[in-house]
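This is protein_29.txt. It holds compact mmCIF, C-alpha atoms and all ligand atoms.
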# COMPACT_ATOMS: atom_id res chain seq x y z
CA MET A 11 -4.21 2.29 24.30
CA ILE A 12 -2.80 -0.63 22.32
CA LYS A 13 -1.09 -3.57 23.97
CA ILE A 14 1.04 -5.83 21.82
CA GLU A 15 1.36 -9.12 23.69
CA ASN A 16 3.89 -11.81 22.68
CA LEU A 17 3.02 -11.14 19.04
CA SER A 18 4.53 -13.31 16.31
CA THR A 19 3.28 -13.43 12.72
CA SER A 20 4.37 -15.12 9.52
CA TYR A 21 3.54 -15.26 5.85
CA LYS A 22 2.77 -18.81 4.67
CA THR A 23 4.48 -19.51 1.35
CA ILE A 24 4.99 -22.69 -0.65
CA ASP A 25 8.68 -22.44 0.26
CA GLY A 26 7.93 -22.31 3.98
CA ASP A 27 7.01 -19.72 6.61
CA VAL A 28 8.49 -16.23 6.48
CA HIS A 29 8.54 -15.00 10.08
CA VAL A 30 7.89 -11.29 9.93
CA LEU A 31 7.19 -10.27 13.52
CA ASN A 32 8.97 -12.02 16.37
CA ASP A 33 7.62 -12.02 19.89
CA LEU A 34 6.80 -8.32 20.15
CA ASN A 35 5.83 -7.03 23.62
CA PHE A 36 5.13 -3.36 24.24
CA THR A 37 2.39 -0.84 24.94
CA ILE A 38 1.40 2.27 23.01
CA ASN A 39 -0.15 4.73 25.45
CA ASP A 40 -3.13 7.06 25.32
CA ASP A 41 -2.38 10.63 24.34
CA GLU A 42 0.92 10.11 22.57
CA ILE A 43 2.41 10.04 19.08
CA PHE A 44 4.33 6.81 18.83
CA GLY A 45 6.77 6.23 15.97
CA ILE A 46 7.87 2.94 14.43
CA ALA A 47 11.18 3.19 12.56
CA GLY A 48 13.52 0.81 10.78
CA GLU A 49 14.93 -0.05 7.37
CA SER A 50 12.58 -1.14 4.63
CA GLY A 51 11.52 -4.79 5.01
CA CYS A 52 11.92 -4.84 8.82
CA GLY A 53 8.20 -5.55 9.42
CA LYS A 54 6.89 -2.02 10.13
CA THR A 55 3.96 -2.20 7.74
CA THR A 56 3.07 -5.77 8.77
CA LEU A 57 3.00 -4.59 12.38
CA LEU A 58 0.70 -1.70 11.50
CA LYS A 59 -1.63 -4.00 9.54
CA THR A 60 -1.71 -6.42 12.46
CA LEU A 61 -2.58 -3.56 14.83
CA TYR A 62 -5.45 -2.69 12.50
CA ASP A 63 -6.51 -6.35 12.26
CA ILE A 64 -5.82 -6.70 8.54
CA VAL A 65 -4.48 -10.19 9.02
CA ASP A 66 -5.50 -11.97 5.85
CA TRP A 67 -3.98 -15.14 4.39
CA PRO A 68 -1.11 -15.70 3.75
CA LEU A 69 -0.39 -13.50 6.80
CA VAL A 70 -1.14 -15.41 10.01
CA ILE A 71 -0.77 -14.61 13.73
CA ASP A 72 1.26 -17.53 15.07
CA LYS A 73 1.26 -16.41 18.68
CA GLY A 74 0.02 -13.60 20.90
CA GLN A 75 -2.42 -10.80 20.20
CA VAL A 76 -3.10 -7.08 19.98
CA VAL A 77 -5.53 -5.51 22.47
CA LEU A 78 -7.15 -2.16 21.73
CA SER A 79 -8.87 -0.56 24.71
CA GLY A 80 -10.16 2.80 25.84
CA GLU A 81 -13.30 4.78 26.55
CA LYS A 82 -15.63 6.56 24.15
CA ASP A 83 -18.71 8.62 25.02
CA GLY A 84 -18.29 7.48 28.63
CA ARG A 85 -18.32 3.78 27.70
CA PRO A 86 -15.24 1.56 28.03
CA TYR A 87 -14.31 -0.74 25.15
CA SER A 88 -11.80 -3.51 24.59
CA PHE A 89 -11.17 -5.45 21.38
CA SER A 90 -8.48 -8.01 20.66
CA SER A 91 -7.07 -9.37 17.38
CA GLY A 92 -9.93 -10.76 15.29
CA GLN A 93 -12.43 -8.29 16.83
CA ILE A 94 -10.64 -4.99 16.21
CA ARG A 95 -12.15 -4.58 12.76
CA LYS A 96 -15.57 -4.20 14.42
CA SER A 97 -14.33 -0.86 15.72
CA TRP A 98 -12.82 0.48 12.48
CA TRP A 99 -13.40 4.25 11.99
CA ASN A 100 -15.10 4.55 15.39
CA ASN A 101 -12.24 3.58 17.71
CA ILE A 102 -9.34 2.96 15.33
CA SER A 103 -8.59 4.18 11.82
CA TYR A 104 -5.81 3.64 9.32
CA VAL A 105 -4.08 5.87 6.81
CA PRO A 106 -2.37 3.34 4.51
CA GLN A 107 0.82 3.79 2.54
CA ALA A 108 0.15 5.64 -0.76
CA ALA A 109 -3.14 6.67 0.83
CA GLN A 110 -3.78 9.17 -1.91
CA SER A 111 -4.59 6.32 -4.28
CA VAL A 112 -7.11 4.86 -1.82
CA LEU A 113 -9.74 7.45 -2.77
CA ASP A 114 -12.01 6.42 -5.61
CA PRO A 115 -10.99 8.88 -8.35
CA ILE A 116 -14.43 9.03 -9.96
CA THR A 117 -16.60 9.43 -6.85
CA ARG A 118 -17.21 12.84 -5.34
CA LEU A 119 -15.61 13.29 -1.93
CA LYS A 120 -18.94 13.97 -0.23
CA LYS A 121 -20.09 10.45 -1.09
CA GLN A 122 -16.79 8.98 0.10
CA PHE A 123 -17.21 10.76 3.44
CA LEU A 124 -20.81 9.61 3.80
CA ASP A 125 -19.85 6.00 2.97
CA SER A 126 -17.15 6.03 5.65
CA ILE A 127 -19.56 6.98 8.46
CA PRO A 128 -21.45 3.99 9.83
CA GLU A 129 -25.26 4.38 9.64
CA GLU A 130 -25.63 4.08 13.43
CA ASP A 131 -23.18 6.93 13.93
CA ARG A 132 -25.11 9.42 11.87
CA LYS A 133 -27.17 10.10 14.97
CA LYS A 134 -30.50 10.08 13.08
CA GLU A 135 -29.27 12.93 10.87
CA THR A 136 -30.26 13.49 7.27
CA LYS A 137 -27.44 13.24 4.73
CA ALA A 138 -27.41 17.03 4.45
CA GLU A 139 -26.95 17.36 8.22
CA THR A 140 -24.12 14.85 8.22
CA LEU A 141 -22.46 16.72 5.36
CA ASN A 142 -22.80 19.93 7.34
CA ARG A 143 -20.92 18.29 10.19
CA VAL A 144 -18.24 17.11 7.74
CA ALA A 145 -17.98 20.61 6.26
CA GLY A 146 -17.54 22.08 9.75
CA TYR A 147 -14.82 19.54 10.51
CA LEU A 148 -12.99 20.34 7.27
CA GLU A 149 -13.06 24.04 8.17
CA GLU A 150 -11.54 23.22 11.57
CA LEU A 151 -8.70 21.57 9.65
CA ASN A 152 -8.31 24.62 7.38
CA LEU A 153 -9.72 22.71 4.40
CA SER A 154 -12.36 24.31 2.23
CA PRO A 155 -15.73 22.51 2.45
CA ASP A 156 -15.99 23.10 -1.33
CA ILE A 157 -13.73 20.07 -1.82
CA LEU A 158 -16.70 17.86 -0.89
CA GLU A 159 -18.05 18.51 -4.39
CA ALA A 160 -14.69 17.64 -5.98
CA TYR A 161 -13.42 14.38 -7.43
CA PRO A 162 -10.08 13.20 -6.00
CA PHE A 163 -8.32 13.53 -9.37
CA GLN A 164 -9.00 17.27 -9.23
CA LEU A 165 -6.89 17.65 -6.06
CA SER A 166 -3.11 17.74 -5.59
CA GLY A 167 -1.32 14.80 -3.89
CA GLY A 168 -0.88 16.80 -0.68
CA MET A 169 -4.54 17.81 -0.62
CA ARG A 170 -5.66 14.20 -1.16
CA GLN A 171 -3.46 13.15 1.78
CA ARG A 172 -5.10 15.84 3.95
CA VAL A 173 -8.53 14.59 2.92
CA ILE A 174 -7.60 11.00 3.86
CA ILE A 175 -6.40 12.19 7.27
CA ALA A 176 -9.65 14.14 7.73
CA LEU A 177 -11.62 11.00 6.82
CA ALA A 178 -9.58 8.89 9.25
CA THR A 179 -10.11 11.29 12.15
CA PHE A 180 -13.68 12.49 11.59
CA MET A 181 -15.17 9.94 14.03
CA SER A 182 -12.59 10.94 16.72
CA PRO A 183 -11.10 7.44 17.00
CA GLY A 184 -8.97 6.66 20.05
CA VAL A 185 -6.21 5.37 17.77
CA VAL A 186 -5.04 6.57 14.34
CA LEU A 187 -2.44 4.52 12.46
CA ALA A 188 -0.52 6.16 9.62
CA ASP A 189 1.86 4.30 7.32
CA GLU A 190 4.53 6.52 5.74
CA PRO A 191 2.17 9.54 5.72
CA THR A 192 4.65 11.89 4.03
CA THR A 193 6.19 9.62 1.40
CA ALA A 194 6.08 10.89 -2.21
CA LEU A 195 5.27 14.47 -1.10
CA ASP A 196 7.58 17.45 -1.48
CA VAL A 197 9.26 18.87 1.62
CA VAL A 198 6.88 21.82 2.08
CA VAL A 199 3.79 19.60 1.79
CA GLN A 200 5.40 17.04 4.13
CA ARG A 201 5.80 19.72 6.76
CA GLY A 202 2.13 20.69 6.41
CA ILE A 203 1.01 17.06 6.82
CA LEU A 204 3.17 16.60 9.95
CA MET A 205 1.76 19.81 11.45
CA MET A 206 -1.77 18.61 10.69
CA LEU A 207 -1.16 15.25 12.41
CA THR A 208 0.37 16.94 15.47
CA LYS A 209 -2.49 19.41 15.75
CA LEU A 210 -5.09 16.64 15.42
CA GLN A 211 -3.44 14.53 18.11
CA LYS A 212 -3.40 17.48 20.49
CA GLN A 213 -7.04 18.16 19.75
CA LEU A 214 -8.23 14.54 20.07
CA LYS A 215 -5.74 13.60 22.82
CA ASN A 216 -5.71 10.16 21.25
CA THR A 217 -3.02 7.66 20.26
CA MET A 218 -1.33 8.23 16.94
CA VAL A 219 1.03 5.63 15.52
CA ILE A 220 3.32 6.79 12.72
CA VAL A 221 5.34 4.34 10.65
CA SER A 222 8.18 5.96 8.75
CA HIS A 223 11.60 4.97 7.46
CA ASP A 224 12.51 8.68 7.77
CA MET A 225 14.11 9.35 11.16
CA GLY A 226 13.53 13.09 10.58
CA VAL A 227 9.76 12.49 10.71
CA HIS A 228 10.11 10.75 14.10
CA TYR A 229 12.36 13.50 15.43
CA GLN A 230 9.85 16.17 14.44
CA ILE A 231 6.59 14.75 15.76
CA THR A 232 6.78 11.56 17.85
CA ASP A 233 6.83 11.44 21.67
CA ARG A 234 8.16 7.89 21.94
CA MET A 235 9.40 5.54 19.30
CA GLY A 236 10.36 1.93 18.65
CA ILE A 237 13.18 0.81 16.37
CA MET A 238 12.58 -2.41 14.47
CA TYR A 239 15.18 -4.66 12.91
CA SER A 240 14.41 -7.80 10.95
CA GLY A 241 10.98 -8.33 12.51
CA SER A 242 12.01 -7.62 16.10
CA MET A 243 11.74 -4.53 18.29
CA VAL A 244 15.33 -3.73 19.25
CA GLU A 245 14.90 -0.44 21.12
CA LEU A 246 12.03 1.60 22.52
CA GLY A 247 11.89 4.82 24.51
CA PRO A 248 11.22 8.57 24.45
CA THR A 249 12.18 9.94 21.03
CA GLU A 250 14.38 12.68 22.44
CA ASP A 251 16.39 10.17 24.48
CA ILE A 252 16.75 7.78 21.56
CA PHE A 253 18.26 10.54 19.42
CA SER A 254 20.49 11.98 22.16
CA ASP A 255 21.54 8.70 23.77
CA PRO A 256 20.81 5.59 21.68
CA VAL A 257 21.65 2.37 23.54
CA HIS A 258 21.27 -0.49 21.03
CA PRO A 259 24.17 -0.81 18.56
CA TYR A 260 21.77 -0.72 15.57
CA THR A 261 20.05 2.45 16.82
CA THR A 262 23.43 4.03 17.54
CA MET A 263 24.55 3.38 13.95
CA LEU A 264 21.25 4.68 12.56
CA VAL A 265 21.47 7.91 14.58
CA ASN A 266 25.17 8.42 13.81
CA ALA A 267 24.44 8.11 10.09
CA LEU A 268 22.05 11.11 10.20
CA PRO A 269 23.28 14.43 8.80
CA ARG A 270 23.47 17.28 11.33
CA VAL A 271 23.51 21.04 10.81
CA GLY A 272 27.13 22.31 10.83
CA ASP A 273 28.64 18.80 10.86
CA LYS A 274 30.72 18.46 7.69
CA SER A 275 32.13 15.00 8.50
CA ALA A 276 31.43 12.25 5.97
CA LYS A 277 28.52 10.06 7.04
CA VAL A 278 28.77 6.32 6.50
CA GLY A 279 25.79 4.03 6.22
CA ILE A 280 25.44 0.82 8.21
CA PRO A 281 27.65 -1.80 6.55
CA GLY A 282 26.01 -5.00 5.30
CA ARG A 283 22.34 -5.77 4.76
CA PRO A 284 19.52 -7.04 6.97
CA PRO A 285 19.14 -10.84 6.84
CA ALA A 286 16.50 -12.55 4.71
CA LEU A 287 13.42 -13.07 6.90
CA LYS A 288 12.96 -16.55 5.47
CA ASN A 289 16.29 -17.75 6.73
CA PRO A 290 17.56 -15.43 9.49
CA PRO A 291 20.68 -16.20 11.51
CA PRO A 292 20.14 -17.87 14.89
CA GLY A 293 20.69 -15.66 17.93
CA CYS A 294 20.72 -11.90 17.47
CA ARG A 295 19.72 -11.01 13.91
CA PHE A 296 21.95 -7.95 13.96
CA ALA A 297 25.06 -10.02 14.81
CA PRO A 298 26.44 -10.20 11.23
CA ARG A 299 26.59 -6.36 11.16
CA CYS A 300 27.39 -5.65 14.81
CA PRO A 301 30.93 -4.66 15.92
CA TYR A 302 30.20 -5.95 19.47
CA ALA A 303 28.96 -9.43 18.48
CA THR A 304 30.18 -12.39 20.54
CA ASP A 305 29.57 -16.13 20.25
CA MET A 306 26.67 -15.76 22.68
CA CYS A 307 25.11 -13.13 20.38
CA ARG A 308 25.38 -15.51 17.45
CA GLU A 309 23.69 -18.33 19.37
CA GLN A 310 21.03 -16.85 21.67
CA VAL A 311 18.19 -14.48 20.87
CA PRO A 312 18.54 -11.42 23.15
CA GLU A 313 15.65 -10.63 25.45
CA PHE A 314 13.79 -7.31 25.01
CA ARG A 315 14.19 -5.82 28.49
CA GLN A 316 14.20 -2.58 30.44
CA ILE A 317 17.68 -1.05 30.45
CA LYS A 318 16.73 2.06 32.41
CA PRO A 319 13.41 3.67 33.31
CA GLY A 320 11.30 3.98 30.17
CA ARG A 321 14.05 2.55 27.93
CA TYR A 322 13.90 -0.98 26.51
CA ALA A 323 16.33 -2.79 24.24
CA ALA A 324 17.23 -6.28 23.05
CA CYS A 325 20.97 -6.77 23.35
CA HIS A 326 23.06 -9.27 25.34
CA GLN A 327 25.93 -6.84 25.81
CA LEU A 328 23.97 -3.88 27.17
CA LYS A 329 24.57 -3.13 30.83
CA GLU A 330 21.82 -2.09 33.23
CA GLY A 331 21.59 1.70 32.80
CA GLY A 332 23.25 1.66 29.35
CA GLY A 333 26.75 1.10 27.94
CA MET A 334 28.19 -2.05 26.40
CA THR A 335 29.94 -4.67 28.51
CA ASN A 336 32.48 -5.16 25.74
CA GLY A 337 32.49 -1.59 24.35
FE1 LIG A 401 25.32 -6.72 18.85
FE2 LIG A 401 25.24 -8.87 20.41
FE3 LIG A 401 23.82 -6.74 21.05
FE4 LIG A 401 23.15 -8.21 18.96
S1 LIG A 401 23.11 -8.85 21.07
S2 LIG A 401 23.22 -6.02 19.05
S3 LIG A 401 25.12 -8.82 18.19
S4 LIG A 401 26.05 -6.88 20.94

Would you write the structure of this file as structure tokens?
Ligand code: SF4
Amino acid sequence: MIKIENLSTSYKTIDGDVHVLNDLNFTINDDEIFGIAGESGCGKTTLLKTLYDIVDWPLVIDKGQVVLSGEKDGRPYSFSSGQIRKSWWNNISYVPQAAQSVLDPITRLKKQFLDSIPEEDRKKETKAETLNRVAGYLEELNLSPDILEAYPFQLSGGMRQRVIIALATFMSPGVVLADEPTTALDVVVQRGILMMLTKLQKQLKNTMVIVSHDMGVHYQITDRMGIMYSGSMVELGPTEDIFSDPVHPYTTMLVNALPRVGDKSAKVGIPGRPPALKNPPPGCRFAPRCPYATDMCREQVPEFRQIKPGRYAACHQLKEGGGMTNG
């Protein structure tokens, strides 16, 4: 489980602070695939890096923390921001954006697997025994163990992505974070990667967090999802409900802009652009693009609150249970 508690981060620049995440408060549960969606530049990747504890200057946590907790081999664990990196691979792993380029092109994959397994976790095995375990795991994932002898440059992009996912899940971590796992892959390969992630989550019964700008990815594999806008979480709930009944005006516009089978009507994008994070408008950051905006919206930051059971949103004009007061 990951708890995100009052989390605010910023990048320190010579021109001042760029506030990237603003007071985020939510929980990602055990045994679920959780999606994080939003337009590019909304803070999705910074959030994922902060969950994984890659908070290196000029990125700074201004307030709050992330808490990773769970149980492994019968022993409970709990790590907060600053300590989470102690549990990399074992309890939490990360598939970064453009992961395929993370593999060292001139090192055989067997060495890259061995290097990723901490010495203490080899359970007093010889290297050959560890490699046997890796080979068995690859077979479970329908990957040929022969690839252990290969160099990454000999594999296709889709195969390299599969190898990275195998590396990230080999130690059965309680949490796997994946940043845009299907970007730059063709549609057929994308489908294979999504099926692999779903199968792994079912097998490990762990927490999987998928960041993607592609709403189709969320629709296909996530159980719950959060929609980010300009560094804030604006809506969160079960994926199915968010697609069938979005409540926040931004989510509603995002969902309405999606193409649907049989619907020949012209789709329009969301007018305007997200604000610059360095100098965002006061109040609700979506106000300049929102058809429901009032003076209050332009002056006060909306609270992220429960609208109905399991559904959360940040909007002044949302009524308890859904629907706009001025809609
Ligand atoms: Fe629109 Fe106001 Fe709600 Fe923001 S708070 S989304 S401006 S109605």

Taking all atoms listed in the file into account, produce a table as CSV in which each residue of stretch 138-247 of chain A with an atom at most 9 Å from an atom of stretch 42-61 of chain A appears once, together with its shortest atom pair and the distance in Å to one decimal, ordered by chain and rising number.
residue,atom,partner,partner_atom,distance
A:Leu187,CA,A:Leu58,CA,7.0
A:Ala188,CA,A:Leu58,CA,8.2
A:Asp189,CA,A:Thr55,CA,6.8
A:Glu190,CA,A:Thr55,CA,9.0
A:Thr208,CA,A:Ile43,CA,8.1
A:Gln211,CA,A:Ile43,CA,7.4
A:Lys212,CA,A:Glu42,CA,8.8
A:Lys215,CA,A:Glu42,CA,7.5
A:Asn216,CA,A:Glu42,CA,6.8
A:Thr217,CA,A:Glu42,CA,5.2
A:Met218,CA,A:Ile43,CA,4.7
A:Val219,CA,A:Phe44,CA,4.8
A:Ile220,CA,A:Gly45,CA,4.8
A:Val221,CA,A:Ile46,CA,4.8
A:Ser222,CA,A:Ala47,CA,5.6
A:His223,CA,A:Ala47,CA,5.4
A:Asp224,CA,A:Ala47,CA,7.4
A:Met225,CA,A:Ala47,CA,7.0
A:Val227,CA,A:Gly45,CA,8.7
A:His228,CA,A:Gly45,CA,5.9
A:Ile231,CA,A:Ile43,CA,7.1
A:Thr232,CA,A:Ile43,CA,4.8
A:Asp233,CA,A:Ile43,CA,5.3
A:Arg234,CA,A:Phe44,CA,5.1
A:Met235,CA,A:Gly45,CA,4.3
A:Gly236,CA,A:Ile46,CA,5.0
A:Ile237,CA,A:Ala47,CA,4.9
A:Met238,CA,A:Gly48,CA,5.0
A:Tyr239,CA,A:Cys52,CA,5.2
A:Ser240,CA,A:Cys52,CA,4.4
A:Gly241,CA,A:Gly53,CA,5.0
A:Ser242,CA,A:Cys52,CA,7.8

Hey, could you make a per-residue contact list for chain A against ligand LIG 401 (chain A) with 7 Å as the cut-off, showing the nearest pair of atoms and its distance in Å to one decimal, counting all atoms listed in the file, sorted by chain and number, as CSV?
residue,atom,partner,partner_atom,distance
A:His258,CA,A:LIG401,S2,6.2
A:Pro259,CA,A:LIG401,S2,5.3
A:Tyr260,CA,A:LIG401,S2,6.5
A:Cys294,CA,A:LIG401,FE4,4.7
A:Arg295,CA,A:LIG401,FE4,6.7
A:Phe296,CA,A:LIG401,FE4,5.1
A:Ala297,CA,A:LIG401,S3,3.6
A:Cys300,CA,A:LIG401,FE1,4.7
A:Pro301,CA,A:LIG401,FE1,6.7
A:Tyr302,CA,A:LIG401,S4,4.5
A:Ala303,CA,A:LIG401,S3,3.9
A:Thr304,CA,A:LIG401,FE2,6.1
A:Cys307,CA,A:LIG401,FE2,4.3
A:Arg308,CA,A:LIG401,S3,6.7
A:Pro312,CA,A:LIG401,S1,5.6
A:Ala324,CA,A:LIG401,S1,6.7
A:Cys325,CA,A:LIG401,FE3,3.7
A:His326,CA,A:LIG401,S1,4.3
A:Gln327,CA,A:LIG401,S4,4.9
A:Leu328,CA,A:LIG401,FE3,6.8

Written selection (C-alpha atoms) as a compact mmCIF listing (two decimals), in the coordinates of the input:
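Printed below is result12.txt as written:
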# COMPACT_ATOMS: atom_id res chain seq x y z
CA HIS A 258 21.27 -0.49 21.03
CA PRO A 259 24.17 -0.81 18.56
CA TYR A 260 21.77 -0.72 15.57
CA CYS A 294 20.72 -11.90 17.47
CA ARG A 295 19.72 -11.01 13.91
CA PHE A 296 21.95 -7.95 13.96
CA ALA A 297 25.06 -10.02 14.81
CA CYS A 300 27.39 -5.65 14.81
CA PRO A 301 30.93 -4.66 15.92
CA TYR A 302 30.20 -5.95 19.47
CA ALA A 303 28.96 -9.43 18.48
CA THR A 304 30.18 -12.39 20.54
CA CYS A 307 25.11 -13.13 20.38
CA ARG A 308 25.38 -15.51 17.45
CA PRO A 312 18.54 -11.42 23.15
CA ALA A 324 17.23 -6.28 23.05
CA CYS A 325 20.97 -6.77 23.35
CA HIS A 326 23.06 -9.27 25.34
CA GLN A 327 25.93 -6.84 25.81
CA LEU A 328 23.97 -3.88 27.17

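Minimum atom-to-atom distance to A:Tyr21, evaluated using all atoms listed in the file, belongs to A:Lys288 out of A:Arg95, A:Lys73, A:Lys288, A:Lys137.
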
#### Entry: Nearest to A:Thr192 by atom-to-atom distance, counting only C-alpha atoms, from A:Ser111, A:Gln122, A:Gln171, A:Gln213
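For A:Thr192, the nearest of the given residues is A:Gln171.
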
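The smallest atom-to-atom distance between A:Asn100 and any of A:Asp131, A:Glu139, A:Asp125, A:Asp72, using only C-alpha atoms, is found for A:Asp131.
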
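What separates atom CA of A:Leu195 from atom CA of A:Gln164 is a distance of 16.7 Å.
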
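The two atoms in question, atom CA of A:Ile174 and atom CA of A:Val112, are spaced 8.4 Å apart.
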
### Task
For atom CA of A:Leu17 and atom CA of A:Trp67, quote the distance in Å rounded to one decimal.
16.7 Å

### Message
Calculated over all atoms listed in the file, which of the candidates A:Ile280, A:Val70, A:Leu264, A:Ala176 has the smallest distance to A:Ile203?
### Response
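Residue with the minimum atom-to-atom distance to A:Ile203: A:Ala176.
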
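Closest approach to A:Ser20 among A:Pro86, A:Leu287, A:Pro269, A:Thr262: A:Leu287, based on all atoms listed in the file.
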
### Message
Taking (0.1, 2.6, 26.4) in the coordinates of the supplied file, I want to know which residues reach to within 6 Å of it, counting all atoms listed in the file; could you give the answer as JSON, numbers by chain?
### Response
{"A": [11, 12, 37, 38, 39, 40]}

### Spatial sel., origin (18.3, 3.0, 23.1), limit 12 Å, all atoms listed in the file, listed as an NGL selection string
:A and (234-238 or 243-265 or 314-325 or 328-334)

#### Entry: Shell around A:Arg143 at 12 Å using all atoms listed in the file, local window under 4 positions removed, as a ChimeraX atom specification
/A:120,123-124,127,132-133,135-139,147-150,155,158,180-181

What does the file look like for those residues with C-alpha atoms, as a CSV table (one decimal), in the coordinates of the input?
chain,number,residue,atom,x,y,z
A,120,LYS,CA,-18.9,14.0,-0.2
A,123,PHE,CA,-17.2,10.8,3.4
A,124,LEU,CA,-20.8,9.6,3.8
A,127,ILE,CA,-19.6,7.0,8.5
A,132,ARG,CA,-25.1,9.4,11.9
A,133,LYS,CA,-27.2,10.1,15.0
A,135,GLU,CA,-29.3,12.9,10.9
A,136,THR,CA,-30.3,13.5,7.3
A,137,LYS,CA,-27.4,13.2,4.7
A,138,ALA,CA,-27.4,17.0,4.4
A,139,GLU,CA,-27.0,17.4,8.2
A,147,TYR,CA,-14.8,19.5,10.5
A,148,LEU,CA,-13.0,20.3,7.3
A,149,GLU,CA,-13.1,24.0,8.2
A,150,GLU,CA,-11.5,23.2,11.6
A,155,PRO,CA,-15.7,22.5,2.4
A,158,LEU,CA,-16.7,17.9,-0.9
A,180,PHE,CA,-13.7,12.5,11.6
A,181,MET,CA,-15.2,9.9,14.0

## Note on the structure
In terms of only C-alpha atoms, the residue from A:Gly272, A:Thr140, A:Ser91, A:Gly80 at minimal distance from A:Asp66 is A:Ser91
